[in-house]
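Asker: For reference, the file run03.cif (mmCIF, C-alpha atoms and all ligand atoms) is included below:
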```cif
data_input
loop_
_atom_site.group_PDB
_atom_site.id
_atom_site.type_symbol
_atom_site.label_atom_id
_atom_site.label_comp_id
_atom_site.auth_asym_id
_atom_site.auth_seq_id
_atom_site.Cartn_x
_atom_site.Cartn_y
_atom_site.Cartn_z
ATOM 1 C CA MET A 295 5.530 -19.460 -7.137
ATOM 2 C CA ALA A 296 5.680 -21.899 -4.265
ATOM 3 C CA HIS A 297 4.815 -20.643 -0.842
ATOM 4 C CA HIS A 298 5.737 -22.601 2.197
ATOM 5 C CA GLY A 299 2.886 -22.735 4.564
ATOM 6 C CA ARG A 300 4.949 -22.736 7.706
ATOM 7 C CA ARG A 301 2.985 -21.003 10.373
ATOM 8 C CA HIS A 302 4.001 -19.282 13.483
ATOM 9 C CA ALA A 303 2.070 -19.702 16.681
ATOM 10 C CA CYS A 304 1.413 -16.009 16.581
ATOM 11 C CA ARG A 305 -0.588 -16.395 13.424
ATOM 12 C CA SER A 306 -3.620 -17.830 15.156
ATOM 13 C CA THR A 307 -3.391 -15.263 17.878
ATOM 14 C CA LEU A 308 -3.361 -12.622 15.222
ATOM 15 C CA ALA A 309 -6.481 -14.078 13.771
ATOM 16 C CA ALA A 310 -8.083 -13.789 17.162
ATOM 17 C CA ALA A 311 -7.400 -10.073 16.973
ATOM 18 C CA ALA A 312 -5.352 -10.053 20.160
ATOM 19 C CA LEU A 313 -2.956 -7.929 18.239
ATOM 20 C CA LEU A 314 -1.594 -5.991 21.160
ATOM 21 C CA VAL A 315 -0.302 -9.160 22.748
ATOM 22 C CA VAL A 316 0.900 -10.547 19.486
ATOM 23 C CA VAL A 317 2.763 -7.463 18.528
ATOM 24 C CA SER A 318 4.780 -7.538 21.682
ATOM 25 C CA GLY A 319 5.499 -11.210 21.305
ATOM 26 C CA CYS A 320 6.357 -11.631 17.660
ATOM 27 C CA GLY A 321 8.873 -10.326 15.279
ATOM 28 C CA MET A 322 12.193 -8.900 16.159
ATOM 29 C CA ALA A 323 12.839 -5.974 13.935
ATOM 30 C CA ALA A 324 11.184 -3.177 15.843
ATOM 31 C CA GLY A 325 12.254 -1.342 18.919
ATOM 32 C CA PRO A 326 10.020 -0.681 21.882
ATOM 33 C CA SER A 327 8.683 2.626 20.644
ATOM 34 C CA GLU A 328 7.788 1.138 17.315
ATOM 35 C CA ARG A 329 6.016 -1.613 19.142
ATOM 36 C CA GLY A 330 3.936 1.017 20.806
ATOM 37 C CA GLU A 331 3.041 2.549 17.497
ATOM 38 C CA ARG A 332 2.125 -0.813 16.142
ATOM 39 C CA ALA A 333 0.009 -1.553 19.110
ATOM 40 C CA ALA A 334 -1.816 1.678 18.455
ATOM 41 C CA VAL A 335 -2.317 0.636 14.876
ATOM 42 C CA ALA A 336 -3.501 -2.736 15.954
ATOM 43 C CA ARG A 337 -6.165 -1.213 18.123
ATOM 44 C CA GLN A 338 -7.782 0.447 15.163
ATOM 45 C CA PRO A 339 -11.154 -1.073 14.561
ATOM 46 C CA ILE A 340 -10.556 -4.164 12.518
ATOM 47 C CA ALA A 341 -13.920 -5.796 12.647
ATOM 48 C CA GLY A 342 -14.629 -7.888 9.619
ATOM 49 C CA THR A 343 -12.385 -8.339 6.681
ATOM 50 C CA ALA A 344 -14.102 -6.907 3.682
ATOM 51 C CA PRO A 345 -13.880 -3.149 3.293
ATOM 52 C CA THR A 346 -17.593 -2.492 3.258
ATOM 53 C CA VAL A 347 -17.406 1.210 3.850
ATOM 54 C CA PRO A 348 -17.957 3.078 0.638
ATOM 55 C CA SER A 349 -15.022 5.272 -0.106
ATOM 56 C CA PRO A 350 -15.499 8.942 -0.669
ATOM 57 C CA SER A 351 -14.434 8.809 -4.265
ATOM 58 C CA ALA A 352 -15.563 5.441 -5.521
ATOM 59 C CA SER A 353 -18.976 6.742 -6.219
ATOM 60 C CA ALA A 354 -21.326 4.137 -7.500
ATOM 61 C CA GLU A 355 -20.058 0.833 -6.227
ATOM 62 C CA PRO A 356 -23.026 -1.257 -7.123
ATOM 63 C CA SER A 357 -22.146 -4.199 -4.951
ATOM 64 C CA VAL A 358 -21.462 -2.263 -1.783
ATOM 65 C CA PRO A 359 -24.284 -2.453 0.716
ATOM 66 C CA ALA A 360 -25.333 1.073 1.426
ATOM 67 C CA GLU A 361 -23.709 1.769 4.739
ATOM 68 C CA PRO A 362 -24.615 5.020 6.412
ATOM 69 C CA SER A 363 -22.602 7.907 5.131
ATOM 70 C CA VAL A 364 -19.010 7.149 5.595
ATOM 71 C CA PRO A 365 -16.517 8.800 7.693
ATOM 72 C CA ALA A 366 -17.975 8.067 11.125
ATOM 73 C CA GLU A 367 -14.877 8.351 13.233
ATOM 74 C CA PRO A 368 -15.028 5.732 15.933
ATOM 75 C CA SER A 369 -15.143 8.401 18.599
ATOM 76 C CA ALA A 370 -17.478 10.797 16.828
ATOM 77 C CA PRO A 371 -20.341 11.476 19.207
ATOM 78 C CA ALA A 372 -22.809 12.391 16.522
ATOM 79 C CA GLU A 373 -23.490 11.519 12.961
ATOM 80 C CA PRO A 374 -21.725 13.702 10.458
ATOM 81 C CA SER A 375 -23.865 16.438 9.069
ATOM 82 C CA ALA A 376 -24.194 14.672 5.750
ATOM 83 C CA PRO A 377 -27.733 13.585 5.034
ATOM 84 C CA ALA A 378 -28.522 10.050 6.043
ATOM 85 C CA GLU A 379 -29.299 9.247 2.444
ATOM 86 C CA PRO A 380 -27.060 6.394 1.331
ATOM 87 C CA SER A 381 -26.753 8.247 -1.937
ATOM 88 C CA ALA A 382 -25.048 11.229 -0.307
ATOM 89 C CA SER A 383 -22.615 12.781 -2.711
ATOM 90 C CA PRO A 384 -19.132 11.350 -2.272
ATOM 91 C CA LEU A 385 -17.791 14.767 -3.129
ATOM 92 C CA ALA A 386 -19.696 16.348 -0.273
ATOM 93 C CA LEU A 387 -18.399 13.722 2.096
ATOM 94 C CA ALA A 388 -14.825 14.204 1.039
ATOM 95 C CA SER A 389 -14.947 17.941 1.266
ATOM 96 C CA SER A 390 -16.775 18.075 4.583
ATOM 97 C CA ASP A 391 -14.408 15.845 6.434
ATOM 98 C CA ALA A 392 -10.789 14.880 6.893
ATOM 99 C CA PRO A 393 -11.119 11.127 7.217
ATOM 100 C CA LEU A 394 -7.367 10.640 7.393
ATOM 101 C CA ALA A 395 -6.604 13.247 10.023
ATOM 102 C CA GLY A 396 -3.988 11.915 12.407
ATOM 103 C CA ARG A 397 -3.072 9.035 10.116
ATOM 104 C CA ILE A 398 0.482 8.593 8.912
ATOM 105 C CA VAL A 399 0.939 7.153 5.451
ATOM 106 C CA VAL A 400 4.360 6.390 4.008
ATOM 107 C CA LEU A 401 4.550 6.203 0.219
ATOM 108 C CA ASP A 402 7.498 4.447 -1.349
ATOM 109 C CA PRO A 403 8.130 5.341 -4.994
ATOM 110 C CA GLY A 404 10.111 2.315 -6.144
ATOM 111 C CA HIS A 405 13.708 2.513 -7.426
ATOM 112 C CA ASN A 406 15.356 5.827 -8.294
ATOM 113 C CA ARG A 407 16.194 7.522 -11.577
ATOM 114 C CA ASP A 408 19.962 7.178 -11.461
ATOM 115 C CA ASN A 409 20.243 3.751 -9.842
ATOM 116 C CA GLY A 410 21.882 2.432 -13.001
ATOM 117 C CA ARG A 411 24.796 4.815 -12.577
ATOM 118 C CA TYR A 412 25.569 3.539 -9.076
ATOM 119 C CA PRO A 413 26.055 -0.201 -9.534
ATOM 120 C CA SER A 414 28.246 -0.730 -6.501
ATOM 121 C CA GLU A 415 25.819 1.149 -4.272
ATOM 122 C CA ILE A 416 22.678 -0.557 -5.475
ATOM 123 C CA ASN A 417 24.247 -4.006 -5.694
ATOM 124 C CA ARG A 418 25.376 -3.930 -2.084
ATOM 125 C CA PRO A 419 23.606 -6.724 -0.202
ATOM 126 C CA VAL A 420 21.211 -5.794 2.565
ATOM 127 C CA ASP A 421 19.090 -7.875 4.909
ATOM 128 C CA ALA A 422 15.804 -8.449 3.098
ATOM 129 C CA GLY A 423 14.190 -10.330 5.966
ATOM 130 C CA GLY A 424 16.552 -13.078 7.031
ATOM 131 C CA PHE A 425 18.362 -13.346 3.698
ATOM 132 C CA PRO A 426 20.595 -11.028 1.679
ATOM 133 C CA LYS A 427 19.351 -9.146 -1.342
ATOM 134 C CA GLN A 428 20.729 -6.274 -3.349
ATOM 135 C CA CYS A 429 20.064 -2.787 -2.022
ATOM 136 C CA ASN A 430 17.978 -1.810 -5.024
ATOM 137 C CA THR A 431 17.493 -2.335 -8.744
ATOM 138 C CA THR A 432 17.100 -0.095 -11.760
ATOM 139 C CA GLY A 433 13.473 -0.953 -12.435
ATOM 140 C CA THR A 434 11.928 -1.200 -15.863
ATOM 141 C CA ALA A 435 10.807 1.359 -18.457
ATOM 142 C CA THR A 436 8.239 1.913 -21.185
ATOM 143 C CA ASP A 437 9.153 1.117 -24.780
ATOM 144 C CA SER A 438 9.518 4.830 -25.359
ATOM 145 C CA GLY A 439 12.022 5.095 -22.522
ATOM 146 C CA VAL A 440 10.044 6.493 -19.603
ATOM 147 C CA ALA A 441 11.715 5.060 -16.513
ATOM 148 C CA GLU A 442 9.684 3.126 -13.983
ATOM 149 C CA SER A 443 11.219 5.217 -11.212
ATOM 150 C CA THR A 444 9.705 8.318 -12.800
ATOM 151 C CA VAL A 445 6.275 6.728 -13.186
ATOM 152 C CA ASN A 446 6.440 5.623 -9.545
ATOM 153 C CA TRP A 447 7.538 9.074 -8.439
ATOM 154 C CA LEU A 448 4.779 10.918 -10.290
ATOM 155 C CA LEU A 449 2.163 8.475 -9.035
ATOM 156 C CA ALA A 450 3.429 8.991 -5.487
ATOM 157 C CA LEU A 451 3.080 12.759 -5.863
ATOM 158 C CA ALA A 452 -0.447 12.445 -7.208
ATOM 159 C CA LEU A 453 -1.379 10.147 -4.347
ATOM 160 C CA ARG A 454 0.303 12.373 -1.799
ATOM 161 C CA ASP A 455 -1.870 15.271 -2.961
ATOM 162 C CA ARG A 456 -5.002 13.181 -2.558
ATOM 163 C CA LEU A 457 -4.037 11.938 0.886
ATOM 164 C CA LEU A 458 -3.059 15.398 2.108
ATOM 165 C CA ALA A 459 -6.449 16.660 0.986
ATOM 166 C CA LEU A 460 -8.035 13.960 3.135
ATOM 167 C CA GLY A 461 -6.042 15.112 6.144
ATOM 168 C CA ALA A 462 -3.274 12.490 6.238
ATOM 169 C CA ASP A 463 0.306 12.998 7.291
ATOM 170 C CA VAL A 464 2.208 11.752 4.235
ATOM 171 C CA GLN A 465 5.886 10.918 4.048
ATOM 172 C CA LEU A 466 7.863 9.709 1.060
ATOM 173 C CA THR A 467 10.825 7.350 1.151
ATOM 174 C CA ARG A 468 12.700 9.525 -1.334
ATOM 175 C CA GLN A 469 12.481 13.240 -1.955
ATOM 176 C CA ALA A 470 13.124 13.405 -5.695
ATOM 177 C CA ASP A 471 13.405 11.276 -8.810
ATOM 178 C CA GLU A 472 17.130 11.727 -8.832
ATOM 179 C CA GLY A 473 20.211 9.940 -7.553
ATOM 180 C CA TRP A 474 20.116 6.408 -6.177
ATOM 181 C CA GLY A 475 18.376 4.465 -3.453
ATOM 182 C CA PRO A 476 17.408 4.293 -0.719
ATOM 183 C CA CYS A 477 17.944 0.584 -0.213
ATOM 184 C CA ILE A 478 14.944 -1.663 0.278
ATOM 185 C CA ASP A 479 15.594 -2.156 3.983
ATOM 186 C CA GLU A 480 15.796 1.581 4.515
ATOM 187 C CA ARG A 481 12.510 2.143 2.686
ATOM 188 C CA ALA A 482 10.816 -0.079 5.240
ATOM 189 C CA ALA A 483 12.754 1.513 8.094
ATOM 190 C CA ILE A 484 11.451 4.940 7.116
ATOM 191 C CA ALA A 485 7.899 3.704 7.562
ATOM 192 C CA ASN A 486 8.793 1.985 10.824
ATOM 193 C CA ARG A 487 10.450 5.067 12.275
ATOM 194 C CA ALA A 488 7.514 7.216 11.203
ATOM 195 C CA GLY A 489 5.134 4.956 13.089
ATOM 196 C CA ALA A 490 3.169 4.782 9.851
ATOM 197 C CA HIS A 491 -0.301 3.350 9.807
ATOM 198 C CA LEU A 492 0.635 1.807 6.492
ATOM 199 C CA LEU A 493 3.358 1.612 3.879
ATOM 200 C CA LEU A 494 2.425 1.637 0.215
ATOM 201 C CA SER A 495 5.244 0.826 -2.177
ATOM 202 C CA LEU A 496 4.554 1.996 -5.716
ATOM 203 C CA HIS A 497 5.971 0.161 -8.703
ATOM 204 C CA ALA A 498 5.161 -0.729 -12.286
ATOM 205 C CA ASP A 499 6.085 -3.963 -13.940
ATOM 206 C CA GLY A 500 7.981 -4.933 -17.048
ATOM 207 C CA ALA A 501 6.403 -8.043 -18.554
ATOM 208 C CA ALA A 502 5.471 -9.407 -21.965
ATOM 209 C CA PRO A 503 3.791 -6.788 -24.182
ATOM 210 C CA GLY A 504 0.542 -8.737 -24.348
ATOM 211 C CA ALA A 505 0.181 -8.900 -20.572
ATOM 212 C CA ARG A 506 -1.623 -6.156 -18.747
ATOM 213 C CA GLY A 507 -3.242 -5.057 -15.536
ATOM 214 C CA PHE A 508 -2.242 -4.242 -11.974
ATOM 215 C CA HIS A 509 -1.491 -6.529 -9.063
ATOM 216 C CA VAL A 510 -0.945 -5.929 -5.386
ATOM 217 C CA ILE A 511 1.796 -7.827 -3.598
ATOM 218 C CA THR A 512 1.303 -8.678 0.044
ATOM 219 C CA PRO A 513 4.015 -10.174 2.272
ATOM 220 C CA GLY A 514 3.837 -13.903 2.895
ATOM 221 C CA LEU A 515 4.545 -15.245 6.345
ATOM 222 C CA ILE A 516 8.154 -15.318 7.455
ATOM 223 C CA GLU A 517 8.506 -16.252 11.055
ATOM 224 C CA GLY A 518 10.047 -13.452 13.060
ATOM 225 C CA TRP A 519 9.735 -10.983 10.203
ATOM 226 C CA THR A 520 6.260 -10.669 8.757
ATOM 227 C CA ASP A 521 4.073 -12.605 11.169
ATOM 228 C CA ASP A 522 3.231 -9.319 12.871
ATOM 229 C CA ILE A 523 2.058 -7.609 9.673
ATOM 230 C CA ALA A 524 0.904 -10.345 7.299
ATOM 231 C CA ALA A 525 -2.773 -10.339 8.240
ATOM 232 C CA ASP A 526 -3.191 -6.559 8.211
ATOM 233 C CA SER A 527 -1.140 -6.305 5.031
ATOM 234 C CA GLN A 528 -3.435 -8.762 3.350
ATOM 235 C CA ARG A 529 -6.412 -6.689 4.423
ATOM 236 C CA LEU A 530 -4.670 -3.640 2.957
ATOM 237 C CA ALA A 531 -3.977 -5.510 -0.284
ATOM 238 C CA ILE A 532 -7.640 -6.394 -0.618
ATOM 239 C CA ALA A 533 -8.642 -2.789 0.028
ATOM 240 C CA VAL A 534 -6.224 -1.600 -2.669
ATOM 241 C CA ARG A 535 -7.380 -4.225 -5.138
ATOM 242 C CA ASP A 536 -11.052 -3.471 -4.551
ATOM 243 C CA ALA A 537 -10.570 0.272 -4.863
ATOM 244 C CA LEU A 538 -8.615 0.026 -8.098
ATOM 245 C CA VAL A 539 -11.176 -2.322 -9.583
ATOM 246 C CA ALA A 540 -13.865 0.169 -8.569
ATOM 247 C CA ALA A 541 -11.812 2.857 -10.316
ATOM 248 C CA GLY A 542 -12.000 0.828 -13.509
ATOM 249 C CA LEU A 543 -8.509 -0.664 -13.622
ATOM 250 C CA PRO A 544 -8.070 -4.196 -14.892
ATOM 251 C CA THR A 545 -6.442 -6.740 -12.605
ATOM 252 C CA SER A 546 -3.352 -8.491 -13.897
ATOM 253 C CA ASP A 547 -3.951 -11.164 -16.492
ATOM 254 C CA TYR A 548 -0.463 -12.598 -16.049
ATOM 255 C CA LEU A 549 0.389 -12.669 -12.351
ATOM 256 C CA GLY A 550 -1.286 -13.252 -9.030
ATOM 257 C CA GLU A 551 -4.864 -14.165 -8.414
ATOM 258 C CA GLN A 552 -7.606 -11.619 -8.871
ATOM 259 C CA GLY A 553 -5.064 -8.837 -8.647
ATOM 260 C CA ILE A 554 -3.264 -10.078 -5.536
ATOM 261 C CA ASP A 555 0.062 -11.881 -5.253
ATOM 262 C CA VAL A 556 1.835 -13.133 -2.128
ATOM 263 C CA ARG A 557 5.634 -12.934 -1.972
ATOM 264 C CA ARG A 558 8.268 -13.598 0.634
ATOM 265 C CA ASP A 559 11.273 -12.276 -1.262
ATOM 266 C CA LEU A 560 10.709 -8.530 -1.074
ATOM 267 C CA GLY A 561 12.806 -6.696 1.485
ATOM 268 C CA THR A 562 10.629 -3.596 1.465
ATOM 269 C CA LEU A 563 7.716 -5.683 2.708
ATOM 270 C CA ASN A 564 9.627 -8.146 4.869
ATOM 271 C CA ARG A 565 11.416 -5.418 6.795
ATOM 272 C CA ALA A 566 8.263 -3.426 7.474
ATOM 273 C CA ASP A 567 6.788 -3.438 10.948
ATOM 274 C CA VAL A 568 3.644 -1.713 9.741
ATOM 275 C CA PRO A 569 1.027 -2.999 7.299
ATOM 276 C CA ALA A 570 2.737 -2.909 3.921
ATOM 277 C CA VAL A 571 1.899 -3.771 0.334
ATOM 278 C CA MET A 572 3.548 -3.200 -3.009
ATOM 279 C CA LEU A 573 1.488 -2.128 -5.996
ATOM 280 C CA GLU A 574 2.576 -3.081 -9.488
ATOM 281 C CA ALA A 575 0.318 -0.507 -11.079
ATOM 282 C CA GLY A 576 0.544 -1.976 -14.545
ATOM 283 C CA ASN A 577 2.874 -3.417 -17.143
ATOM 284 C CA LEU A 578 4.974 -0.653 -18.661
ATOM 285 C CA ARG A 579 5.787 -2.888 -21.641
ATOM 286 C CA ASN A 580 2.090 -3.040 -22.484
ATOM 287 C CA ALA A 581 0.884 -0.160 -24.650
ATOM 288 C CA ASP A 582 -2.420 0.329 -22.812
ATOM 289 C CA ASP A 583 -0.895 0.210 -19.347
ATOM 290 C CA ALA A 584 1.964 2.457 -20.418
ATOM 291 C CA ALA A 585 -0.460 5.014 -21.828
ATOM 292 C CA LEU A 586 -2.390 5.005 -18.563
ATOM 293 C CA LEU A 587 0.642 5.267 -16.319
ATOM 294 C CA THR A 588 2.432 7.946 -18.301
ATOM 295 C CA SER A 589 -0.550 10.305 -18.372
ATOM 296 C CA ASP A 590 -1.443 12.739 -15.617
ATOM 297 C CA GLN A 591 -5.068 11.774 -15.975
ATOM 298 C CA GLY A 592 -4.322 8.080 -15.653
ATOM 299 C CA ARG A 593 -2.145 8.555 -12.603
ATOM 300 C CA ARG A 594 -4.768 10.782 -11.018
ATOM 301 C CA ALA A 595 -7.377 8.080 -11.468
ATOM 302 C CA ILE A 596 -5.098 5.508 -9.874
ATOM 303 C CA ALA A 597 -4.228 7.894 -7.064
ATOM 304 C CA GLU A 598 -7.877 8.527 -6.387
ATOM 305 C CA GLY A 599 -8.516 4.805 -6.186
ATOM 306 C CA LEU A 600 -5.555 4.341 -3.878
ATOM 307 C CA SER A 601 -6.659 7.127 -1.581
ATOM 308 C CA SER A 602 -10.052 5.457 -1.321
ATOM 309 C CA ALA A 603 -8.272 2.243 -0.418
ATOM 310 C CA VAL A 604 -6.359 3.984 2.363
ATOM 311 C CA VAL A 605 -9.582 5.379 3.802
ATOM 312 C CA ALA A 606 -11.292 2.005 3.527
ATOM 313 C CA PHE A 607 -8.373 0.231 5.189
ATOM 314 C CA LEU A 608 -8.010 2.668 8.061
ATOM 315 C CA HIS A 609 -11.735 2.901 8.685
ATOM 316 C CA GLY A 610 -12.732 -0.612 7.727
HETATM 317 ZN ZN ZN A 701 9.752 -1.808 -9.593
#
```
Is it possible to express this structure as structure tokens?
Answerer:
Amino acid sequence: MAHHGRRHACRSTLAAAALLVVVSGCGMAAGPSERGERAAVARQPIAGTAPTVPSPSASAEPSVPAEPSVPAEPSAPAEPSAPAEPSASPLALASSDAPLAGRIVVLDPGHNRDNGRYPSEINRPVDAGGFPKQCNTTGTATDSGVAESTVNWLLALALRDRLLALGADVQLTRQADEGWGPCIDERAAIANRAGAHLLLSLHADGAAPGARGFHVITPGLIEGWTDDIAADSQRLAIAVRDALVAAGLPTSDYLGEQGIDVRRDLGTLNRADVPAVMLEAGNLRNADDAALLTSDQGRRAIAEGLSSAVVAFLHG
């Protein structure tokens, strides 16, 4: 897929981490209060790019330099009570802390179960970031007929449980796997209104049966739309990719590069004013991926990886 490299002046400012200034000067989709939220997000520590902090659940990451035991809140006056041993049990860390306290995470289970029965509603064009696109689509399914919307929904619930256990405030863009919508622009708007620290859109793909693996889609630059979130979203995408690899999931062998793809045609990402990525958790037309994604155990493993990614991103 071709990506135009047109850059906005704000891009370099972003890179200089003067995000507060940038946020007030770029983009046009958010109101003043949302700007404030974004500024708050932008002030989170963002030093470095690689998520070097070991996540509570990704236990033995061999390549991770042994940082002192994790959750060190920026403002924490003292070290957590966990022993200074780099080998401190991840379980102990997770249970003795709430690393996501005060953090707002919006999960977006893609599509909806009955979208196919509401063609006029889901075909209605909405603004996908400076261009029209249909409100929503039906999504794909496994060969045995499990709908993508249902896989996305159940994965969102599993991840919500994990994030709640870590202290996060979690909101979903739909409240059931039933009915239609919401539209892609509204899914982003829910995250914007919530002042979310991040938006994670959950999907599964429908590709050739021989293709497998997950990929994370991060928004490409669209002047006035994504220039305020592209850099942080990319950092989030890397955190998600790294955590899922650590959890043992294979990266896509048919799309993206090392599990990451950049797209400028997705309204859910383009309309977001908070860091946003879309996960294609696997290929539902592939037997191995379908088996993983339709099992509670498989979804739990993915959810655990994703929760680690959220912690790494927000504390990285
Ligand atoms: Zn989808």
Asker: Could you list, as a VMD selection string, all the residues within 12 Å of ligand ZN 701 (chain A), counting only C-alpha atoms and all ligand atoms?
Answerer: chain A and resid 402 to 407 409 430 to 435 441 to 447 478 495 to 501 511 560 562 572 to 578
Asker: Tell me which of A:Arg565, A:His509, A:Arg535, A:Arg456 sits closest to Lys427 of chain A, counting all atoms listed in the file.
Answerer: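 Looking only at the distances to Lys427 of chain A, the closest residue turns out to be A:Arg565.
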Asker: What does the distance from atom CA of Ala502 of chain A to atom CA of Ala595 of chain A come to in Å, to one decimal?
Answerer: 24.1 Å
Asker: Counting all atoms listed in the file, which of A:Leu549, A:Ile398, A:Leu563, A:Leu492 gets nearest to Leu530 of chain A?
Answerer: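 Residue with the minimum atom-to-atom distance to Leu530 of chain A: A:Leu492.
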Asker: When the PyMOL selection byres (((chain A and resi 513) around 6) and not hetatm) is applied to the file above, which residues end up in the set, as number ranges by chain?
Answerer: A: 512, 514, 524, 556-558, 563
Asker: Selection in question (the file shown): the PyMOL selection byres (((chain A and resi 418) around 9) and not hetatm). Which residues does it include, as a PDB file with C-alpha atoms, in the coordinates of the input?
Answerer:
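Result written to part_24.pdb:
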```
ATOM      1  CA  PRO A 413      26.055  -0.201  -9.534  1.00  0.00           C
ATOM      2  CA  SER A 414      28.246  -0.730  -6.501  1.00  0.00           C
ATOM      3  CA  GLU A 415      25.819   1.149  -4.272  1.00  0.00           C
ATOM      4  CA  ILE A 416      22.678  -0.557  -5.475  1.00  0.00           C
ATOM      5  CA  ASN A 417      24.247  -4.006  -5.694  1.00  0.00           C
ATOM      6  CA  PRO A 419      23.606  -6.724  -0.202  1.00  0.00           C
ATOM      7  CA  VAL A 420      21.211  -5.794   2.565  1.00  0.00           C
ATOM      8  CA  LYS A 427      19.351  -9.146  -1.342  1.00  0.00           C
ATOM      9  CA  GLN A 428      20.729  -6.274  -3.349  1.00  0.00           C
ATOM     10  CA  CYS A 429      20.064  -2.787  -2.022  1.00  0.00           C
ATOM     11  CA  ASN A 430      17.978  -1.810  -5.024  1.00  0.00           C
ATOM     12  CA  CYS A 477      17.944   0.584  -0.213  1.00  0.00           C
TER      13      CYS A 477
END
```
Asker: Calculate how many Å separate atom CA of Ala597 of chain A from atom CA of Ala452 of chain A, rounding to one decimal.
Answerer: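 So the answer is 5.9 Å.
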Asker: Which of these residues is nearest to Ala505 of chain A, using all atoms listed in the file: A:Ser546, A:Asn486, A:Gln528, A:Thr588?
Answerer: A:Ser546
Asker: From the options A:Glu598, A:Asp455, A:Asp391, A:Asp471, which residue's atoms come nearest to Val539 of chain A, counting only C-alpha atoms?
Answerer: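 Checking each candidate against Val539 of chain A, we get A:Glu598 as the closest.
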Asker: Using the chain letters and numbers from this file, what does the PyMOL selection byres (((chain A and resi 533) around 8) and not hetatm) select? Give the answer as a PyMOL selection string.
Answerer: chain A and resi 344-345+529-532+534-537+603-604+606-607
Asker: Output as AutoDock Vina command-line options the centre and edge lengths (Å, one decimal) of the box along x, y and z of the file that holds every listed atom of segment 579-590 of chain A after adding 6 Å on each side.
Answerer:
```
--center_x 1.7 --center_y 4.8 --center_z -20.1 --size_x 20.2 --size_y 27.8 --size_z 21.0
```
Asker: Which residues are close to Gly504 of chain A, i.e. within 10 Å by all atoms listed in the file, leaving aside same-chain residues fewer than 6 positions away? Reply as a PyMOL selection string.
Answerer: chain A and resi 547-548+577+579-582
Asker: Find the distance between atom CA of Arg468 of chain A and atom CA of Ile484 of chain A and write it in Å to one decimal.
Answerer: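 Computed distance, atom CA of Arg468 of chain A to atom CA of Ile484 of chain A, equals 9.7 Å.
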Asker: Identify which of the residues A:Leu451, A:Val605, A:Leu586, A:Ala540 lies closest to Leu401 of chain A, counting all atoms listed in the file when measuring atom-to-atom distances.
Answerer: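 Among the listed residues, the smallest separation from Leu401 of chain A belongs to A:Leu451.
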Asker: Restricting the calculation to all atoms listed in the file: of A:Arg506, A:Pro476, A:Val568, A:Ala482, which residue gets closest to Asp521 of chain A?
Answerer: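 For Asp521 of chain A, the nearest of the given residues is A:Val568.
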Asker: Give me, as a PDB file with C-alpha atoms, in the coordinates of the input, all polymer residues having an atom no more than 7 Å from segment 457-460 of chain A, counting all atoms listed in the file and skipping those fewer than 2 positions away in the same chain.
Answerer:
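Once written, part.pdb looks like this:
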```pdb
ATOM      1  CA  ALA A 392     -10.789  14.880   6.893  1.00  0.00           C
ATOM      2  CA  PRO A 393     -11.119  11.127   7.217  1.00  0.00           C
ATOM      3  CA  LEU A 394      -7.367  10.640   7.393  1.00  0.00           C
ATOM      4  CA  LEU A 453      -1.379  10.147  -4.347  1.00  0.00           C
ATOM      5  CA  ARG A 454       0.303  12.373  -1.799  1.00  0.00           C
ATOM      6  CA  ASP A 455      -1.870  15.271  -2.961  1.00  0.00           C
ATOM      7  CA  ALA A 462      -3.274  12.490   6.238  1.00  0.00           C
ATOM      8  CA  ASP A 463       0.306  12.998   7.291  1.00  0.00           C
ATOM      9  CA  VAL A 464       2.208  11.752   4.235  1.00  0.00           C
ATOM     10  CA  SER A 601      -6.659   7.127  -1.581  1.00  0.00           C
TER      11      SER A 601
END
```
